[in-house]
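Listing of upload.txt, compact mmCIF, C-alpha atoms
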# COMPACT_ATOMS: atom_id res chain seq x y z
CA MET A 1 0.00 0.00 0.00
CA THR A 2 1.25 3.43 -0.90
CA ALA A 3 -0.03 6.88 -0.09
CA ARG A 4 0.69 8.09 -3.64
CA PRO A 5 -0.58 6.35 -6.77
CA PRO A 6 2.04 4.55 -8.85
CA SER A 7 2.64 5.52 -12.46
CA GLY A 8 0.16 4.14 -14.96
CA PRO A 9 -3.64 3.91 -15.06
CA LEU A 10 -5.47 3.19 -11.80
CA VAL A 11 -8.71 1.28 -11.40
CA ARG A 12 -11.36 3.19 -9.46
CA LEU A 13 -14.28 1.41 -7.83
CA GLY A 14 -16.90 3.50 -9.60
CA ASP A 15 -15.36 2.76 -13.00
CA VAL A 16 -16.20 -0.97 -12.81
CA SER A 17 -19.74 -1.85 -13.84
CA ASP A 18 -19.64 -5.66 -13.77
CA ARG A 19 -18.84 -6.21 -10.09
CA THR A 20 -19.29 -9.66 -8.55
CA LEU A 21 -21.79 -9.95 -5.69
CA LEU A 22 -19.92 -10.70 -2.46
CA VAL A 23 -22.40 -13.42 -1.49
CA GLU A 24 -21.25 -15.47 -4.50
CA THR A 25 -18.00 -16.13 -2.64
CA THR A 26 -19.78 -17.72 0.33
CA ALA A 27 -22.82 -19.40 -1.24
CA ALA A 28 -20.98 -21.09 -4.11
CA ALA A 29 -20.45 -24.83 -4.05
CA ASP A 30 -16.73 -24.16 -4.56
CA ALA A 31 -15.80 -20.91 -2.84
CA SER A 32 -12.17 -21.19 -3.86
CA GLU A 33 -13.15 -21.18 -7.54
CA VAL A 34 -14.94 -17.84 -7.15
CA TYR A 35 -12.05 -16.23 -5.29
CA GLU A 36 -9.56 -17.60 -7.81
CA ARG A 37 -11.59 -16.23 -10.69
CA LEU A 38 -11.52 -12.81 -9.04
CA ARG A 39 -7.79 -13.14 -8.39
CA LEU A 40 -7.01 -14.06 -11.99
CA ARG A 41 -8.94 -11.06 -13.31
CA TRP A 42 -8.12 -8.40 -10.73
CA GLY A 43 -5.02 -9.46 -8.84
CA THR A 44 -4.80 -8.97 -5.07
CA VAL A 45 -7.74 -6.54 -4.79
CA ALA A 46 -11.08 -6.94 -6.59
CA PRO A 47 -14.21 -4.77 -6.94
CA VAL A 48 -17.39 -6.40 -5.58
CA ASP A 49 -20.95 -5.45 -4.64
CA LEU A 50 -22.19 -5.96 -1.07
CA GLU A 51 -25.67 -5.70 -2.59
CA PRO A 52 -26.49 -4.74 -6.17
CA GLY A 53 -25.23 -1.19 -6.60
CA VAL A 54 -23.35 -1.07 -3.27
CA PRO A 55 -19.65 -1.34 -4.19
CA ALA A 56 -16.65 -2.29 -2.07
CA TRP A 57 -13.10 -3.52 -2.48
CA LEU A 58 -12.37 -7.16 -1.63
CA VAL A 59 -8.77 -7.81 -0.55
CA LEU A 60 -7.57 -11.18 -1.84
CA GLY A 61 -3.81 -11.13 -1.19
CA HIS A 62 -2.39 -12.38 2.11
CA HIS A 63 0.17 -9.56 2.39
CA GLU A 64 -2.44 -6.92 1.61
CA ALA A 65 -4.96 -8.46 4.02
CA VAL A 66 -2.49 -8.41 6.91
CA GLY A 67 -1.67 -4.80 6.08
CA VAL A 68 -5.31 -3.76 6.25
CA LEU A 69 -5.96 -5.65 9.50
CA ARG A 70 -2.95 -4.13 11.24
CA ASP A 71 -3.35 -0.54 10.00
CA ASP A 72 -6.25 0.69 12.13
CA ARG A 73 -5.49 4.31 11.31
CA THR A 74 -5.94 3.99 7.56
CA PHE A 75 -8.69 1.34 7.68
CA ILE A 76 -11.17 1.96 10.48
CA LYS A 77 -14.38 0.22 11.59
CA ASP A 78 -16.45 3.42 11.92
CA PRO A 79 -18.93 3.46 8.98
CA ALA A 80 -19.74 7.16 9.40
CA ILE A 81 -17.17 8.07 6.74
CA TRP A 82 -18.51 5.59 4.15
CA HIS A 83 -19.14 7.45 0.91
CA GLY A 84 -22.34 5.48 0.29
CA HIS A 85 -24.21 7.54 2.87
CA ALA A 86 -23.79 10.74 0.85
CA GLU A 87 -24.83 8.86 -2.29
CA ASN A 88 -27.87 7.23 -0.59
CA LEU A 89 -26.86 3.79 -1.82
CA LEU A 90 -28.93 1.83 0.71
CA GLY A 91 -32.61 1.43 0.07
CA PRO A 92 -35.10 1.32 2.96
CA GLN A 93 -35.24 -2.49 2.91
CA SER A 94 -31.51 -3.06 2.59
CA ALA A 95 -30.06 -5.72 4.87
CA LEU A 96 -26.90 -3.60 5.13
CA HIS A 97 -28.35 -0.98 7.47
CA LEU A 98 -27.00 -2.91 10.47
CA VAL A 99 -23.57 -3.21 8.83
CA LEU A 100 -23.35 0.33 7.44
CA PRO A 101 -25.22 2.67 9.81
CA ARG A 102 -24.76 6.43 9.53
CA ALA A 103 -23.79 6.77 13.18
CA PRO A 104 -20.82 4.93 14.73
CA LYS A 105 -21.69 1.59 16.29
CA PRO A 106 -20.77 1.74 20.00
CA THR A 107 -19.36 -1.78 20.31
CA LEU A 108 -15.86 -3.11 20.79
CA ALA A 109 -15.90 -4.79 17.39
CA ASP A 110 -16.57 -1.44 15.73
CA ALA A 111 -14.34 0.77 17.90
CA ASP A 112 -11.14 2.34 16.66
CA GLY A 113 -7.98 3.79 18.16
CA ALA A 114 -8.12 4.94 21.77
CA LYS A 115 -11.69 3.72 22.28
CA HIS A 116 -10.79 0.22 21.15
CA ALA A 117 -7.67 0.27 23.33
CA ARG A 118 -9.87 1.18 26.29
CA MET A 119 -12.55 -1.44 25.64
CA ARG A 120 -10.41 -4.43 24.64
CA PRO A 121 -8.73 -5.14 28.04
CA PRO A 122 -12.03 -5.88 29.83
CA VAL A 123 -12.93 -8.40 27.14
CA ASP A 124 -9.51 -10.05 27.39
CA ASP A 125 -9.88 -10.19 31.18
CA ALA A 126 -13.42 -11.61 31.06
CA LEU A 127 -12.63 -14.30 28.50
CA GLY A 128 -9.22 -15.05 29.97
CA GLN A 129 -10.69 -16.01 33.33
CA VAL A 130 -13.01 -18.64 31.81
CA ASP A 131 -11.93 -22.06 33.05
CA GLU A 132 -11.54 -24.24 29.98
CA ALA A 133 -12.26 -27.44 31.90
CA ARG A 134 -15.56 -25.96 33.10
CA ALA A 135 -16.36 -24.71 29.59
CA GLY A 136 -15.68 -28.22 28.30
CA ALA A 137 -17.94 -29.79 30.90
CA ILE A 138 -20.73 -27.34 30.06
CA THR A 139 -20.33 -28.08 26.36
CA ARG A 140 -20.47 -31.85 26.88
CA ARG A 141 -23.60 -31.57 29.03
CA LEU A 142 -25.43 -29.31 26.59
CA CYS A 143 -24.37 -31.38 23.57
CA GLY A 144 -25.68 -34.48 25.29
CA MET A 145 -28.97 -32.73 26.04
CA LEU A 146 -29.41 -31.72 22.39
CA ILE A 147 -28.50 -35.17 21.05
CA ASP A 148 -31.01 -36.72 23.48
CA ARG A 149 -33.75 -34.66 21.81
CA PHE A 150 -33.34 -36.26 18.39
CA GLU A 151 -31.45 -39.51 19.03
CA ASP A 152 -34.56 -41.71 19.16
CA ARG A 153 -35.95 -40.10 15.99
CA GLY A 154 -33.16 -41.50 13.79
CA ARG A 155 -32.83 -38.31 11.76
CA ALA A 156 -31.90 -34.68 12.32
CA ASP A 157 -30.74 -31.46 10.73
CA LEU A 158 -27.32 -30.99 12.30
CA VAL A 159 -27.32 -27.26 11.56
CA ALA A 160 -30.71 -26.16 12.90
CA GLU A 161 -30.85 -28.72 15.73
CA TYR A 162 -27.22 -28.83 16.78
CA ALA A 163 -24.54 -26.53 15.33
CA ALA A 164 -26.78 -23.45 15.52
CA VAL A 165 -27.80 -24.20 19.11
CA VAL A 166 -24.73 -25.51 20.94
CA PRO A 167 -22.62 -22.32 20.81
CA PHE A 168 -25.37 -20.00 21.98
CA LEU A 169 -26.31 -22.25 24.90
CA VAL A 170 -22.68 -22.64 26.00
CA LEU A 171 -21.88 -18.94 25.67
CA SER A 172 -25.07 -17.95 27.48
CA GLU A 173 -24.16 -20.15 30.44
CA LEU A 174 -20.62 -18.74 30.48
CA ASP A 175 -22.22 -15.28 30.44
CA GLY A 176 -24.26 -16.23 33.51
CA LEU A 177 -27.63 -15.97 31.76
CA GLU A 178 -30.62 -17.94 32.97
CA PRO A 179 -32.06 -20.45 30.44
CA GLY A 180 -35.18 -18.35 29.89
CA GLN A 181 -33.09 -15.24 29.22
CA ALA A 182 -30.88 -17.14 26.82
CA GLN A 183 -33.86 -18.48 24.89
CA ARG A 184 -35.39 -15.02 24.57
CA LEU A 185 -32.10 -13.50 23.44
CA GLN A 186 -31.73 -16.20 20.79
CA GLU A 187 -35.26 -15.45 19.51
CA ILE A 188 -34.52 -11.72 19.37
CA THR A 189 -31.17 -12.27 17.68
CA ARG A 190 -32.71 -14.46 14.99
CA ALA A 191 -35.42 -11.86 14.41
CA ILE A 192 -32.85 -9.06 14.13
CA PHE A 193 -30.85 -10.85 11.45
CA GLU A 194 -34.00 -11.72 9.53
CA SER A 195 -35.63 -8.28 9.68
CA GLY A 196 -32.83 -6.12 8.23
CA ALA A 197 -33.78 -2.45 8.38
CA ALA A 198 -36.65 -3.12 10.82
CA ALA A 199 -34.35 -4.51 13.51
CA ARG A 200 -34.00 -1.41 15.70
CA GLU A 201 -36.94 -2.12 18.01
CA ARG A 202 -35.73 -5.63 18.69
CA THR A 203 -32.21 -4.32 19.30
CA VAL A 204 -33.61 -2.05 22.03
CA GLU A 205 -35.26 -5.04 23.74
CA LEU A 206 -32.07 -7.06 23.49
CA LEU A 207 -30.01 -4.31 25.12
CA GLU A 208 -32.58 -3.88 27.89
CA ILE A 209 -32.30 -7.57 28.80
CA VAL A 210 -28.50 -7.60 28.70
CA THR A 211 -28.17 -4.28 30.57
CA GLY A 212 -30.38 -5.67 33.32
CA HIS A 213 -28.26 -8.81 33.44
CA ILE A 214 -25.09 -6.72 33.79
CA ALA A 215 -26.55 -4.86 36.77
CA HIS A 216 -27.76 -8.13 38.32
CA SER A 217 -24.34 -9.75 37.88
CA ARG A 218 -22.65 -6.81 39.59
CA ALA A 219 -25.06 -6.97 42.51
CA LEU A 220 -24.39 -10.69 42.97
CA GLY A 221 -20.64 -10.33 42.47
CA THR A 222 -20.49 -13.16 39.93
CA ARG A 223 -17.19 -14.16 38.33
CA ASP A 224 -18.60 -15.15 34.96
CA ILE A 225 -18.07 -13.13 31.77
CA ALA A 226 -20.88 -10.68 32.55
CA GLY A 227 -19.70 -10.29 36.14
CA ILE A 228 -16.18 -9.33 35.06
CA LEU A 229 -17.46 -6.80 32.54
CA ALA A 230 -19.93 -5.41 35.11
CA VAL A 231 -17.20 -4.13 37.44
CA HIS A 232 -14.44 -3.23 34.98
CA ASP A 233 -13.40 0.42 35.28
CA ASN A 234 -12.61 0.81 31.58
CA PHE A 235 -16.28 1.08 30.67
CA GLU A 236 -18.14 4.36 30.88
CA SER A 237 -21.66 2.93 31.38
CA ASP A 238 -23.70 -0.24 31.73
CA LEU A 239 -24.99 0.35 28.22
CA GLU A 240 -21.42 0.12 26.95
CA ARG A 241 -20.92 -3.06 28.98
CA ALA A 242 -24.13 -4.56 27.60
CA GLN A 243 -23.22 -3.70 24.03
CA THR A 244 -19.83 -5.33 24.51
CA LEU A 245 -21.25 -8.51 26.05
CA THR A 246 -23.83 -8.74 23.26
CA ALA A 247 -21.28 -8.18 20.51
CA ILE A 248 -18.76 -10.77 21.70
CA THR A 249 -21.47 -13.35 22.37
CA LEU A 250 -23.12 -12.98 18.97
CA ALA A 251 -19.82 -12.87 17.09
CA ALA A 252 -18.58 -15.99 18.86
CA ASN A 253 -21.89 -17.75 18.28
CA GLU A 254 -21.84 -17.13 14.53
CA SER A 255 -18.21 -18.20 14.16
CA LEU A 256 -18.67 -21.37 16.22
CA LEU A 257 -21.86 -22.28 14.38
CA ALA A 258 -19.96 -22.15 11.10
CA TRP A 259 -16.91 -23.96 12.47
CA ILE A 260 -18.92 -26.85 13.92
CA ALA A 261 -21.23 -27.15 10.92
CA GLN A 262 -18.42 -27.05 8.37
CA THR A 263 -16.39 -29.67 10.20
CA LEU A 264 -19.39 -32.00 10.36
CA ALA A 265 -20.14 -31.32 6.69
CA LEU A 266 -16.63 -32.30 5.65
CA VAL A 267 -16.66 -35.49 7.68
CA LEU A 268 -20.01 -36.45 6.18
CA SER A 269 -19.51 -35.41 2.57
CA ASP A 270 -15.82 -35.61 1.69
CA PRO A 271 -14.43 -39.20 1.53
CA ARG A 272 -10.83 -38.00 1.64
CA PHE A 273 -11.48 -36.06 4.82
CA SER A 274 -13.56 -38.76 6.53
CA HIS A 275 -11.09 -41.50 5.61
CA ARG A 276 -8.20 -39.51 7.06
CA VAL A 277 -10.16 -39.09 10.30
CA SER A 278 -11.45 -42.64 10.53
CA GLY A 279 -8.03 -44.02 9.66
CA GLY A 280 -6.53 -42.30 12.67
CA ARG A 281 -4.21 -40.13 10.57
CA LEU A 282 -5.89 -36.85 11.45
CA HIS A 283 -6.50 -35.69 15.01
CA ILE A 284 -9.70 -33.74 15.56
CA ASP A 285 -7.73 -30.52 16.18
CA ASP A 286 -6.09 -30.98 12.80
CA ALA A 287 -9.55 -31.51 11.31
CA LEU A 288 -10.70 -28.21 12.80
CA ASP A 289 -7.60 -26.47 11.45
CA GLU A 290 -8.16 -27.92 8.01
CA VAL A 291 -11.61 -26.36 7.99
CA LEU A 292 -10.08 -22.98 8.78
CA TRP A 293 -7.58 -23.38 5.96
CA ARG A 294 -9.74 -25.09 3.38
CA SER A 295 -13.05 -23.21 3.76
CA THR A 296 -12.81 -20.81 6.64
CA THR A 297 -15.86 -19.97 8.76
CA ASN A 298 -15.60 -16.19 8.26
CA PRO A 299 -14.46 -15.84 4.65
CA ASN A 300 -15.20 -12.11 4.43
CA LEU A 301 -14.71 -9.80 7.40
CA MET A 302 -17.04 -6.90 8.14
CA PRO A 303 -16.12 -3.73 6.24
CA ARG A 304 -13.39 -1.32 7.14
CA PHE A 305 -13.30 2.18 5.69
CA ALA A 306 -10.36 4.04 4.21
CA THR A 307 -9.54 7.28 6.01
CA ARG A 308 -7.32 8.47 3.18
CA GLU A 309 -6.57 7.73 -0.44
CA VAL A 310 -4.19 4.79 -0.88
CA THR A 311 -3.26 2.40 -3.66
CA MET A 312 -2.95 -1.38 -3.73
CA GLY A 313 -1.26 -2.39 -6.93
CA ASP A 314 -3.21 -0.70 -9.70
CA LYS A 315 -6.32 -0.11 -7.54
CA LEU A 316 -7.11 3.33 -6.13
CA ILE A 317 -8.76 3.01 -2.71
CA GLU A 318 -10.50 6.35 -2.24
CA ARG A 319 -11.30 7.92 1.11
CA GLY A 320 -14.59 6.57 2.44
CA ALA A 321 -14.45 3.37 0.38
CA ALA A 322 -15.53 0.12 2.03
CA VAL A 323 -12.74 -2.46 2.18
CA ILE A 324 -13.48 -6.14 2.86
CA VAL A 325 -10.70 -8.51 3.91
CA GLY A 326 -11.25 -11.81 2.12
CA VAL A 327 -9.88 -14.24 4.72
CA HIS A 328 -10.58 -17.31 2.61
CA ALA A 329 -8.79 -15.80 -0.39
CA ALA A 330 -5.85 -14.68 1.76
CA ASN A 331 -5.51 -18.15 3.27
CA HIS A 332 -5.43 -19.58 -0.26
CA ASP A 333 -3.00 -17.01 -1.64
CA PRO A 334 -0.43 -18.97 -3.71
CA GLN A 335 2.25 -16.90 -1.99
CA VAL A 336 1.50 -18.59 1.36
CA GLN A 337 -0.12 -21.95 0.57
CA THR A 338 1.25 -24.78 -1.54
CA ALA A 339 -0.74 -27.36 -3.45
CA ASP A 340 0.06 -30.05 -0.86
CA PRO A 341 -2.93 -30.35 1.55
CA TRP A 342 -0.68 -31.95 4.20
CA ASP A 343 1.18 -28.65 4.55
CA THR A 344 -1.83 -27.30 6.46
CA VAL A 345 -1.83 -30.08 9.09
CA GLY A 346 -0.66 -28.53 12.34
CA ASN A 347 -0.19 -25.18 10.58
CA ARG A 348 -2.14 -22.36 12.23
CA ALA A 349 -0.69 -19.44 10.27
CA HIS A 350 -4.07 -18.76 8.65
CA LEU A 351 -5.97 -15.50 9.13
CA SER A 352 -9.20 -17.15 10.27
CA PHE A 353 -8.80 -15.62 13.74
CA GLY A 354 -7.87 -12.26 12.24
CA ALA A 355 -4.80 -10.13 12.91
CA GLY A 356 -3.99 -6.78 14.41
CA PRO A 357 -6.00 -4.98 17.13
CA HIS A 358 -9.28 -6.79 16.33
CA ARG A 359 -7.85 -10.31 16.42
CA CYS A 360 -10.15 -12.92 18.00
CA PRO A 361 -9.80 -12.60 21.78
CA ALA A 362 -10.43 -16.26 22.66
CA PRO A 363 -9.33 -18.74 19.97
CA ARG A 364 -8.44 -21.39 22.59
CA LEU A 365 -11.88 -21.25 24.19
CA GLY A 366 -13.54 -21.40 20.79
CA ARG A 367 -11.50 -24.46 19.89
CA VAL A 368 -12.54 -26.22 23.11
CA ILE A 369 -16.22 -25.69 22.34
CA ALA A 370 -15.95 -26.65 18.65
CA ARG A 371 -13.79 -29.72 19.34
CA ILE A 372 -16.16 -31.13 21.94
CA ALA A 373 -19.29 -30.36 19.91
CA VAL A 374 -17.96 -32.28 16.91
CA ALA A 375 -16.56 -35.16 18.94
CA GLU A 376 -19.65 -35.65 21.11
CA LEU A 377 -21.90 -36.02 18.11
CA LEU A 378 -19.59 -38.40 16.26
CA GLN A 379 -19.08 -40.51 19.37
CA ARG A 380 -22.79 -40.79 20.09
CA LEU A 381 -24.21 -41.32 16.60
CA GLN A 382 -23.22 -43.15 13.44
CA VAL A 383 -24.54 -40.48 11.08
CA THR A 384 -25.08 -40.70 7.34
CA PHE A 385 -25.64 -37.65 5.16
CA VAL A 386 -28.97 -37.61 3.29
CA GLY A 387 -28.68 -36.53 -0.33
CA ASP A 388 -25.86 -35.73 -2.73
CA PRO A 389 -22.72 -34.60 -0.86
CA ASP A 390 -21.74 -32.51 -3.88
CA LYS A 391 -24.96 -30.50 -3.65
CA VAL A 392 -24.73 -29.17 -0.11
CA GLU A 393 -26.63 -25.88 0.02
CA TRP A 394 -24.65 -23.06 1.61
CA ALA A 395 -26.17 -20.26 3.68
CA THR A 396 -26.63 -16.95 1.87
CA SER A 397 -24.61 -14.78 4.26
CA PRO A 398 -21.89 -12.68 2.59
CA TRP A 399 -19.82 -12.84 5.79
CA MET A 400 -20.04 -16.43 7.05
CA ARG A 401 -19.82 -19.78 5.25
CA PHE A 402 -21.72 -22.77 6.57
CA PRO A 403 -24.19 -25.31 5.19
CA ALA A 404 -27.79 -24.13 5.33
CA ARG A 405 -28.85 -27.66 6.27
CA LEU A 406 -27.16 -30.95 7.15
CA PRO A 407 -29.85 -33.65 6.99
CA VAL A 408 -28.63 -36.95 8.43
CA THR A 409 -29.95 -40.31 9.49
CA PHE A 410 -28.56 -42.70 12.08
CA PRO A 411 -29.54 -45.96 13.78
CA SER A 412 -31.66 -45.85 16.91
CA PRO A 413 -29.77 -46.36 20.20
CA LEU A 414 -30.53 -50.09 20.18
CA GLN A 415 -28.97 -50.40 16.73
CA GLN A 416 -25.77 -48.51 17.51
CA PRO A 417 -22.54 -50.50 16.90
CA VAL A 418 -20.59 -51.84 19.83
CA PRO A 419 -17.68 -49.71 21.15
CA GLY A 420 -14.48 -49.98 19.16
CA GLY A 421 -15.91 -49.05 15.77
CA TRP A 422 -15.97 -45.70 14.01
CA PRO A 423 -15.23 -43.00 15.07
CA PRO A 424 -11.79 -44.01 16.37
CA GLU A 425 -10.11 -43.22 19.65
CA GLU A 426 -8.70 -40.02 18.15
CA PHE A 427 -12.06 -38.43 18.94
CA ALA A 428 -11.72 -39.17 22.65
CA LEU A 429 -11.26 -35.97 24.62
Can the structure in the file be given as structure tokens, please?
Amino acid sequence: MTARPPSGPLVRLGDVSDRTLLVETTAAADASEVYERLRLRWGTVAPVDLEPGVPAWLVLGHHEAVGVLRDDRTFIKDPAIWHGHAENLLGPQSALHLVLPRAPKPTLADADGAKHARMRPPVDDALGQVDEARAGAITRRLCGMLIDRFEDRGRADLVAEYAAVVPFLVLSELDGLEPGQAQRLQEITRAIFESGAAARERTVELLEIVTGHIAHSRALGTRDIAGILAVHDNFESDLERAQTLTAITLAANESLLAWIAQTLALVLSDPRFSHRVSGGRLHIDDALDEVLWRSTTNPNLMPRFATREVTMGDKLIERGAAVIVGVHAANHDPQVQTADPWDTVGNRAHLSFGAGPHRCPAPRLGRVIARIAVAELLQRLQVTFVGDPDKVEWATSPWMRFPARLPVTFPSPLQQPVPGGWPPEEFAL
């Protein structure tokens, strides 16, 4: 990246009329093919549309992606400077109103500079004090409860009934929420993501519940995540604490949903992957890492916005432009990844946990939850995918990649094989 344009013609975002929709990169059967097509045409930075007529730059190169993630002065999270506001690019029903509001979003994930530096330590403290053994025990118990609900049925959708539920239940318990509160928050959260521009009223209700929980946790002196945030001096108000707790819980839930669902999808649909696992050649942690390398859970990060005019190669990034870091593309950059799939085993140099000031604050805790969720299901049930493994339908989120559904069947408990069969001991935790 340079502050001054290099010699020669520069590509401006507004000059490109045939921009690829960002959701094509996540909903395609082969995400890598879409990113590679963009890379071959545009190089390390490509023009895309977040929605039709809403342009942004998608960073494909590993070096360029790391540069954007680490430079929080040039590329900030505050959408107030986005040029699309002045051009009225978002229609009233746009789903991007939550992503690109006119006013700054007062959460840690969207804070910059001094504000982020002030708000990050409480989150690190709150997540750092979580006992991983306790988190593991909670995850096992809740996974068992969910499996009990559909085990006798002999069929299930492992996304809707398992991967989409486990993370929220675990995180809610670590937050100190009562089951009824957690259920209501999950209902509100689902409604917010489905309602787009009409989500503000539900957001108010969500913050009221979480703000009340923060005050309750402080009164009880709890040592869970909410209790730590409730008494941390770095926050200026309980509203700020509630927004932070909500943001980290929802972000972790979405990422874990995708991580668990993708790992299960690979085991069920890819013979090479399942044979490596069942043959004992791939530990479950390596399986989780391969998902992050091969088809990461968060392929496109939420937008950042250029505070000044810069260039990347022959692309002119103008002030106020939205810049998306393509994590999947960066992980697959030929400059950092070879054609040998075994090079990724044990290799955690991917960008799936981010980089720079906004790097994931609890990758170890996330791994504990994802590992146990996958292992518990595969230990309990001998599942078989229903349908054509090559026609898995992917969710239509431009930011996350996970199967929309994972229909499976399995024998009833009386028909389960005796211990010693598949899955192997490598799944024992």
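Considering all atoms listed in the file, the residue among A:Thr396, A:Leu245, A:Gly176, A:Glu236 positioned nearest to Leu220 (chain A) is A:Gly176.
Among A:Leu90, A:Gln181, A:Thr44, A:Glu240, the residue with the shortest atom-to-atom distance to Arg118 (chain A), counting all atoms listed in the file, is A:Glu240.
Across the model, the gap from CA of Asp72 (chain A) to CA of Thr307 (chain A) is 9.6 Å.
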Point (-14.1, 1.3, 7.1) neighbourhood (6 Å, only C-alpha atoms) written as a short mmCIF file (atom, residue, chain, number, x, y, z; two decimals) with C-alpha atoms, in the frame of the given file:
data_model
loop_
_atom_site.label_atom_id
_atom_site.label_comp_id
_atom_site.auth_asym_id
_atom_site.auth_seq_id
_atom_site.Cartn_x
_atom_site.Cartn_y
_atom_site.Cartn_z
CA PHE A 75 -8.69 1.34 7.68
CA ILE A 76 -11.17 1.96 10.48
CA LYS A 77 -14.38 0.22 11.59
CA ASP A 78 -16.45 3.42 11.92
CA PRO A 79 -18.93 3.46 8.98
CA PRO A 303 -16.12 -3.73 6.24
CA ARG A 304 -13.39 -1.32 7.14
CA PHE A 305 -13.30 2.18 5.69
CA ALA A 306 -10.36 4.04 4.21
CA ALA A 322 -15.53 0.12 2.03
#
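The nearest approach to Pro407 (chain A) among the residues A:Val48, A:Ala321, A:Leu351, A:Val386, with only C-alpha atoms taken into account, belongs to A:Val386.
Of the listed residues A:Asp175, A:Glu51, A:Glu187, A:Asp71, the one whose atoms come nearest to Leu206 (chain A) is A:Glu187, with distances taken using all atoms listed in the file.
Straight-line separation from CA of Ile147 (chain A) to CA of Leu377 (chain A): 7.3 Å.
Near region 211-216 of chain A, within a cut-off of 6 Å and counting only C-alpha atoms, sit the residues Ala226, Ala230 and Ala242 of chain A, with same-chain residues fewer than 5 positions away left out.
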Query raised in the report: Nearest to Glu254 (chain A) among A:Leu50, A:Leu365, A:Val166, A:Val16, with distances taken over only C-alpha atoms: which residue is it?
Result: A:Val166
Query raised in the report: Got a sec: who's within 12 Å of Ala133 (chain A), counting all atoms listed in the file, leaving out chain neighbours fewer than 5 positions off, as a PyMOL selection string?
Result: chain A and resi 138-140+364-365+368-369+372+429
Requested in this report: Considering only C-alpha atoms, state which residue in the set A:Val323, A:Ala395, A:Leu40, A:Leu185 is at the smallest distance from Val59 (chain A).
Outcome: A:Val323
